[in-house]
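To keep things clear, I will list the structure first and then write my remarks on it.
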Amino acid sequence: MSDVTKEQVIAKLKTVRGPDLDNNIVDLGMVSDVFIADGKVYFSITVPAERARDLEPMRQAAERAVKDIPGVKGAMVALTADKKAAASAPAARPAAAPGGHHGHSHGPGNNHGHSHGPGNHSHSHGPGGQAAPRPPAKAGVPGIGAIIAVASGKGGVGKSTTAVNLALGLLANGLRVGVLDADIYGPSMPRLLKISGKPQQIDGRLIRPMENYGLKVMSMGFLVDEEVAMIWRGPMVQSALLQMLREVAWGDLDVLVVDMPPGTGDAQLTMAQQVPLAGAVIVSTPQDLALIDARKGLTMFRKVEVPVLGIVENMSYFIAPDTGNRYDIFGHGGAKKEAERIGVPFLGEVPLTMRIRETSDDGTPVVVSEPDGVSARIYRDIAAKVWEQVGAKPARSAPSIVFE
């Protein structure tokens with residue numbers, strides 16, 4: 001079978017209608033340069049940021065169309081935003097398209113470490129230098145030195161993959177690490193860490209966490225069937241999260257990494273208000289539309305006085321598997337510029353590779369399967385920067401939020 005060509009891909013994409021329904025996405029100039037490597041096709045579609053959520057079906061249609069071409073083994077398609085396109089579009093509330101998981105991971109490390117967890121100290125002063133009333137101190141979790149949240153303003157930026165990789169990077173750097181999957185609606189840790197089965201109870205009270213690759217893990221995915229749709233109200237979300245945090249026999253950990261659900265809803269507020277977080281790591285992609293949503297996450301953590309430890313730019317650039325050449329087909333550097341603009345640390349750039357995605361989907365993180373690889377080094381470096389930030393910032397007791 002002959003190799004797939006760019007011309008074939010472009011011809012196929014001309015069958016996908018654009019937002020105006022009269023023209024196709026190629027003739028409308030929405031398709032980036034197309035890269036093909038090892039039978040896999042990579043490209044992005046430029047849309048106004050305000051219409052990203054509405055146009056997710058168009059992205060899916062383009063991906064399906066390309067996958068239908070004989071000889072195509074896979075396709076990776078992202079929506080990206082053009083500032084000029086966004087400026088000329090009708091004003092609307094920014095929204096972002098959900099997307100799939102892209103994975104990277106880190107390998108097993110030495111399981112010994114010393115707890116350098118931050119304390120629970122914070123001071124607040126009102127006008128005139130008077131001490132403002134402090135909110136009640138939040139109880140820490142016995143045995144856990146520091147709790148770090150990994151968050152994103154939207155889905156599809158590889159947040160869960162980043163959380164797993166960060167946790168494994170911290171482990172590889174010699175710390176004792178646990179992972180709490182706080183995304184009760186779409187728990188992904190069982191799949192990303194290839195863990196199945198149900199946790200056991202100890203003396204009918206505490207739950208024993210599951211384990212793999214040296215990580216202790218708790219997820220709603222262990223307790224509820226994957227196919228069961230859960231419709232939970234705010235108080236139920238809060239109760240479930242706090243039980244998974246406080247009624248699990250974590251043992252002695254230097255750090256607990258919390259994979260937050262995307263967005264800024266009940267679960268995020270519960271964690272920010274009721275858990276002594278050492279800080280938050282924000283995951284974004286280079287595109288403008290992802291950055292719009294990343295700012296929401298940054299703003300939320302700042303409002304509840306949780307330190308932002310830094311920003312990770314995921315899918316930062318594409319490495320062609322056949323040549324090793326680097327391409328910025330999804331844009332590049334947006335998260336770094338945003339971090340500099342708002343004065344938070346930039347933690348690092350993680351490349352987009354099909355290999356990383358495949359190993360995540362298989363539950364064999366690349367740092368476990370390829371501990372000496374480039375991705376493993378990148379994540380260990382990010383983990384080191386995060387831990388350095390944790391040591392420099394005491395955890396805060398977050399204020400209560402009053403709705404007027």
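Labels used: A, B, ... for chains in the order of the structure tokens, numbers from 1 for residues in each chain, and numbers from 1 for ligands as shown.
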
All residues 7 Å or closer to range 315-323 of chain A, only C-alpha atoms, same chain fewer than 2 positions away omitted, as a ChimeraX atom specification = /A:37-38,285-286,313,325-330,332,349-353

Assign secondary structure with DSSP using the backbone only, and return the residues of range 251-374 of chain A in strand (DSSP E) as a ChimeraX atom specification.
-> /A:253-259,279-284,308-313,318-319,326-327,346-349

Rounded to one decimal in Å, what is the spacing between CA of Ser369 in chain A and CA of Lys194 in chain A?
-> 13.0 Å

What's the 12 Å shell around Lys73 in chain A, counting only C-alpha atoms, without same-chain residues fewer than 2 positions away, as an mmCIF file with N, CA and C atoms, in the first residue's frame?
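So result-v2.cif came out as:
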```
data_model
loop_
_atom_site.group_PDB
_atom_site.id
_atom_site.type_symbol
_atom_site.label_atom_id
_atom_site.label_comp_id
_atom_site.auth_asym_id
_atom_site.auth_seq_id
_atom_site.Cartn_x
_atom_site.Cartn_y
_atom_site.Cartn_z
ATOM 1 N N ASP A 3 2.188 5.119 0.578
ATOM 2 C CA ASP A 3 2.098 6.004 1.732
ATOM 3 C C ASP A 3 1.009 7.056 1.520
ATOM 4 N N VAL A 4 0.419 7.475 2.633
ATOM 5 C CA VAL A 4 -0.587 8.539 2.594
ATOM 6 C C VAL A 4 0.121 9.856 2.283
ATOM 7 N N ILE A 36 2.528 14.243 8.255
ATOM 8 C CA ILE A 36 2.240 12.810 8.243
ATOM 9 C C ILE A 36 3.518 12.073 8.597
ATOM 10 N N ALA A 37 3.411 11.189 9.570
ATOM 11 C CA ALA A 37 4.581 10.401 9.962
ATOM 12 C C ALA A 37 4.107 9.032 10.408
ATOM 13 N N ASP A 38 4.715 8.001 9.832
ATOM 14 C CA ASP A 38 4.413 6.625 10.223
ATOM 15 C C ASP A 38 2.914 6.324 10.122
ATOM 16 N N GLY A 39 2.280 6.864 9.086
ATOM 17 C CA GLY A 39 0.865 6.589 8.863
ATOM 18 C C GLY A 39 -0.071 7.374 9.756
ATOM 19 N N LYS A 40 0.478 8.277 10.571
ATOM 20 C CA LYS A 40 -0.363 9.079 11.465
ATOM 21 C C LYS A 40 -0.360 10.527 10.985
ATOM 22 N N VAL A 41 -1.537 11.156 11.053
ATOM 23 C CA VAL A 41 -1.727 12.495 10.495
ATOM 24 C C VAL A 41 -1.941 13.499 11.629
ATOM 25 N N TYR A 42 -1.255 14.636 11.554
ATOM 26 C CA TYR A 42 -1.347 15.666 12.585
ATOM 27 C C TYR A 42 -1.671 17.010 11.920
ATOM 28 N N GLU A 63 -11.463 14.647 12.088
ATOM 29 C CA GLU A 63 -10.653 13.512 12.545
ATOM 30 C C GLU A 63 -11.170 12.204 11.950
ATOM 31 N N ARG A 64 -12.507 12.044 11.963
ATOM 32 C CA ARG A 64 -13.092 10.824 11.392
ATOM 33 C C ARG A 64 -12.793 10.712 9.907
ATOM 34 N N VAL A 66 -10.309 11.895 8.155
ATOM 35 C CA VAL A 66 -8.918 11.541 7.876
ATOM 36 C C VAL A 66 -8.649 10.071 8.214
ATOM 37 N N LYS A 67 -9.245 9.599 9.309
ATOM 38 C CA LYS A 67 -9.042 8.198 9.707
ATOM 39 C C LYS A 67 -9.633 7.215 8.689
ATOM 40 N N ASP A 68 -10.575 7.710 7.893
ATOM 41 C CA ASP A 68 -11.202 6.855 6.873
ATOM 42 C C ASP A 68 -10.313 6.654 5.646
ATOM 43 N N ILE A 69 -9.244 7.457 5.523
ATOM 44 C CA ILE A 69 -8.356 7.325 4.358
ATOM 45 C C ILE A 69 -7.582 6.016 4.472
ATOM 46 N N PRO A 70 -7.597 5.175 3.433
ATOM 47 C CA PRO A 70 -6.831 3.920 3.480
ATOM 48 C C PRO A 70 -5.355 4.191 3.776
ATOM 49 N N GLY A 71 -4.795 3.451 4.724
ATOM 50 C CA GLY A 71 -3.386 3.615 5.077
ATOM 51 C C GLY A 71 -3.147 4.514 6.273
ATOM 52 N N ALA A 75 -5.011 9.717 13.772
ATOM 53 C CA ALA A 75 -5.040 11.157 13.491
ATOM 54 C C ALA A 75 -5.098 11.920 14.803
ATOM 55 N N MET A 76 -4.376 13.015 14.856
ATOM 56 C CA MET A 76 -4.424 13.885 16.025
ATOM 57 C C MET A 76 -4.776 15.283 15.544
ATOM 58 N N MET A 354 2.960 10.833 19.538
ATOM 59 C CA MET A 354 1.985 9.748 19.516
ATOM 60 C C MET A 354 2.390 8.657 20.510
#
```

Could you write out, as a ChimeraX atom specification, all the residues of range 169-370 of chain A that DSSP marks as alpha helix (DSSP H)?
-> /A:169-172,189-192,234-246,266-274,288-303,334-342,354-362,366-369

Fewer than 3 positions away in the same chain doesn't count, so skip those; otherwise give me all residues within 10 Å of range 382-387 of chain A, counting only C-alpha atoms, as a PyMOL selection string.
-> chain A and resi 116-117+146+148+165-173+175+255+279-281+309-312+345-350+376-379+390-392

Output file for the residues above (N, CA and C atoms, as an mmCIF file, in the first residue's frame):
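Saved result, again_9.cif, follows:
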```cif
data_model
loop_
_atom_site.group_PDB
_atom_site.id
_atom_site.type_symbol
_atom_site.label_atom_id
_atom_site.label_comp_id
_atom_site.auth_asym_id
_atom_site.auth_seq_id
_atom_site.Cartn_x
_atom_site.Cartn_y
_atom_site.Cartn_z
ATOM 1 N N HIS A 116 9.119 17.172 53.593
ATOM 2 C CA HIS A 116 9.436 18.599 53.720
ATOM 3 C C HIS A 116 8.132 19.363 53.587
ATOM 4 N N GLY A 117 7.047 18.766 54.013
ATOM 5 C CA GLY A 117 5.743 19.373 53.774
ATOM 6 C C GLY A 117 5.634 20.726 54.419
ATOM 7 N N ALA A 146 2.634 17.378 52.066
ATOM 8 C CA ALA A 146 2.146 18.477 51.228
ATOM 9 C C ALA A 146 1.114 17.935 50.240
ATOM 10 N N ILE A 148 -0.712 18.855 46.590
ATOM 11 C CA ILE A 148 -0.588 19.694 45.395
ATOM 12 C C ILE A 148 -1.755 19.400 44.453
ATOM 13 N N ASN A 165 2.200 12.005 35.444
ATOM 14 C CA ASN A 165 3.617 12.174 35.146
ATOM 15 C C ASN A 165 4.329 12.963 36.229
ATOM 16 N N LEU A 166 3.651 13.990 36.736
ATOM 17 C CA LEU A 166 4.228 14.785 37.816
ATOM 18 C C LEU A 166 4.436 13.903 39.046
ATOM 19 N N ALA A 167 3.425 13.098 39.376
ATOM 20 C CA ALA A 167 3.529 12.213 40.535
ATOM 21 C C ALA A 167 4.679 11.222 40.361
ATOM 22 N N LEU A 168 4.786 10.630 39.192
ATOM 23 C CA LEU A 168 5.857 9.660 38.940
ATOM 24 C C LEU A 168 7.223 10.345 38.864
ATOM 25 N N GLY A 169 7.221 11.604 38.394
ATOM 26 C CA GLY A 169 8.465 12.375 38.397
ATOM 27 C C GLY A 169 8.935 12.663 39.815
ATOM 28 N N LEU A 170 7.996 13.021 40.702
ATOM 29 C CA LEU A 170 8.341 13.251 42.110
ATOM 30 C C LEU A 170 8.853 11.961 42.742
ATOM 31 N N LEU A 171 8.202 10.847 42.408
ATOM 32 C CA LEU A 171 8.626 9.539 42.915
ATOM 33 C C LEU A 171 10.041 9.207 42.432
ATOM 34 N N ALA A 172 10.283 9.439 41.147
ATOM 35 C CA ALA A 172 11.610 9.161 40.585
ATOM 36 C C ALA A 172 12.679 10.040 41.223
ATOM 37 N N ASN A 173 12.261 11.206 41.727
ATOM 38 C CA ASN A 173 13.203 12.108 42.392
ATOM 39 C C ASN A 173 13.395 11.751 43.863
ATOM 40 N N LEU A 175 10.873 10.883 46.344
ATOM 41 C CA LEU A 175 9.843 11.204 47.331
ATOM 42 C C LEU A 175 8.814 10.077 47.437
ATOM 43 N N VAL A 255 4.232 13.784 49.575
ATOM 44 C CA VAL A 255 3.354 14.640 48.769
ATOM 45 C C VAL A 255 2.191 13.828 48.205
ATOM 46 N N GLY A 279 -0.242 24.227 47.055
ATOM 47 C CA GLY A 279 -0.252 25.034 45.837
ATOM 48 C C GLY A 279 -0.893 24.285 44.694
ATOM 49 N N ALA A 280 -0.998 24.958 43.556
ATOM 50 C CA ALA A 280 -1.642 24.390 42.374
ATOM 51 C C ALA A 280 -0.737 24.530 41.165
ATOM 52 N N VAL A 281 -0.758 23.488 40.323
ATOM 53 C CA VAL A 281 -0.070 23.507 39.040
ATOM 54 C C VAL A 281 -1.136 23.613 37.958
ATOM 55 N N LEU A 309 1.819 27.296 41.824
ATOM 56 C CA LEU A 309 3.218 26.858 41.776
ATOM 57 C C LEU A 309 3.829 27.044 40.395
ATOM 58 N N GLY A 310 2.960 27.150 39.362
ATOM 59 C CA GLY A 310 3.475 27.376 38.018
ATOM 60 C C GLY A 310 2.565 26.805 36.954
ATOM 61 N N ILE A 311 2.959 27.031 35.703
ATOM 62 C CA ILE A 311 2.191 26.585 34.537
ATOM 63 C C ILE A 311 3.032 25.590 33.740
ATOM 64 N N VAL A 312 2.387 24.501 33.316
ATOM 65 C CA VAL A 312 3.018 23.536 32.406
ATOM 66 C C VAL A 312 2.371 23.702 31.033
ATOM 67 N N PRO A 345 5.719 31.052 38.039
ATOM 68 C CA PRO A 345 6.798 30.278 37.411
ATOM 69 C C PRO A 345 6.306 29.498 36.190
ATOM 70 N N PHE A 346 7.179 29.400 35.188
ATOM 71 C CA PHE A 346 6.897 28.525 34.046
ATOM 72 C C PHE A 346 7.659 27.243 34.298
ATOM 73 N N LEU A 347 6.937 26.133 34.397
ATOM 74 C CA LEU A 347 7.538 24.881 34.854
ATOM 75 C C LEU A 347 8.165 24.051 33.745
ATOM 76 N N GLY A 348 7.683 24.223 32.500
ATOM 77 C CA GLY A 348 8.294 23.455 31.425
ATOM 78 C C GLY A 348 7.362 23.185 30.272
ATOM 79 N N GLU A 349 7.954 22.707 29.174
ATOM 80 C CA GLU A 349 7.225 22.386 27.933
ATOM 81 C C GLU A 349 7.279 20.876 27.713
ATOM 82 N N VAL A 350 6.111 20.280 27.521
ATOM 83 C CA VAL A 350 6.045 18.847 27.244
ATOM 84 C C VAL A 350 5.661 18.657 25.779
ATOM 85 N N ALA A 376 10.689 11.472 30.040
ATOM 86 C CA ALA A 376 10.932 11.204 31.459
ATOM 87 C C ALA A 376 11.791 12.307 32.068
ATOM 88 N N ARG A 377 12.818 12.726 31.345
ATOM 89 C CA ARG A 377 13.698 13.787 31.858
ATOM 90 C C ARG A 377 12.927 15.089 32.027
ATOM 91 N N ILE A 378 12.066 15.394 31.061
ATOM 92 C CA ILE A 378 11.282 16.636 31.133
ATOM 93 C C ILE A 378 10.397 16.628 32.376
ATOM 94 N N TYR A 379 9.721 15.511 32.618
ATOM 95 C CA TYR A 379 8.824 15.450 33.763
ATOM 96 C C TYR A 379 9.560 15.430 35.094
ATOM 97 N N VAL A 390 7.163 24.212 46.365
ATOM 98 C CA VAL A 390 6.438 23.787 47.573
ATOM 99 C C VAL A 390 7.248 24.106 48.812
ATOM 100 N N GLY A 391 8.552 23.856 48.744
ATOM 101 C CA GLY A 391 9.397 24.135 49.891
ATOM 102 C C GLY A 391 9.471 25.611 50.224
ATOM 103 N N ALA A 392 9.220 26.462 49.214
ATOM 104 C CA ALA A 392 9.354 27.912 49.412
ATOM 105 C C ALA A 392 8.052 28.570 49.853
#
```

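For the choices A:Ser196, A:Asn212, A:Gly158, A:Ala151, the atom-to-atom distance to Asp183 in chain A is smallest for A:Ala151 when using only C-alpha atoms.
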
A:Thr161, A:Thr364, A:Thr15, A:Thr5: which is nearest Ile195 in chain A, counting only C-alpha atoms?
-> A:Thr364

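With only C-alpha atoms as the atoms that count, the residue of A:Pro262, A:Lys198, A:Glu50, A:Val179 with the shortest distance to Lys296 in chain A is A:Pro262.
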
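Nearest to Pro261 in chain A of all the residues A:Leu180, A:Ala339, A:Met218, A:Leu242 is A:Leu180, counting only C-alpha atoms.
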
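Across the structure, CA of Val9 in chain A and CA of Ala78 in chain A are spaced 15.5 Å apart.
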
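Considering the residues A:Val34, A:Leu298, A:Lys303, A:Ile144 and counting only C-alpha atoms, Val257 in chain A has its shortest atom-to-atom contact with A:Ile144.
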
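Atom to atom, CA of Met300 in chain A and CA of Leu269 in chain A stand 8.3 Å apart.
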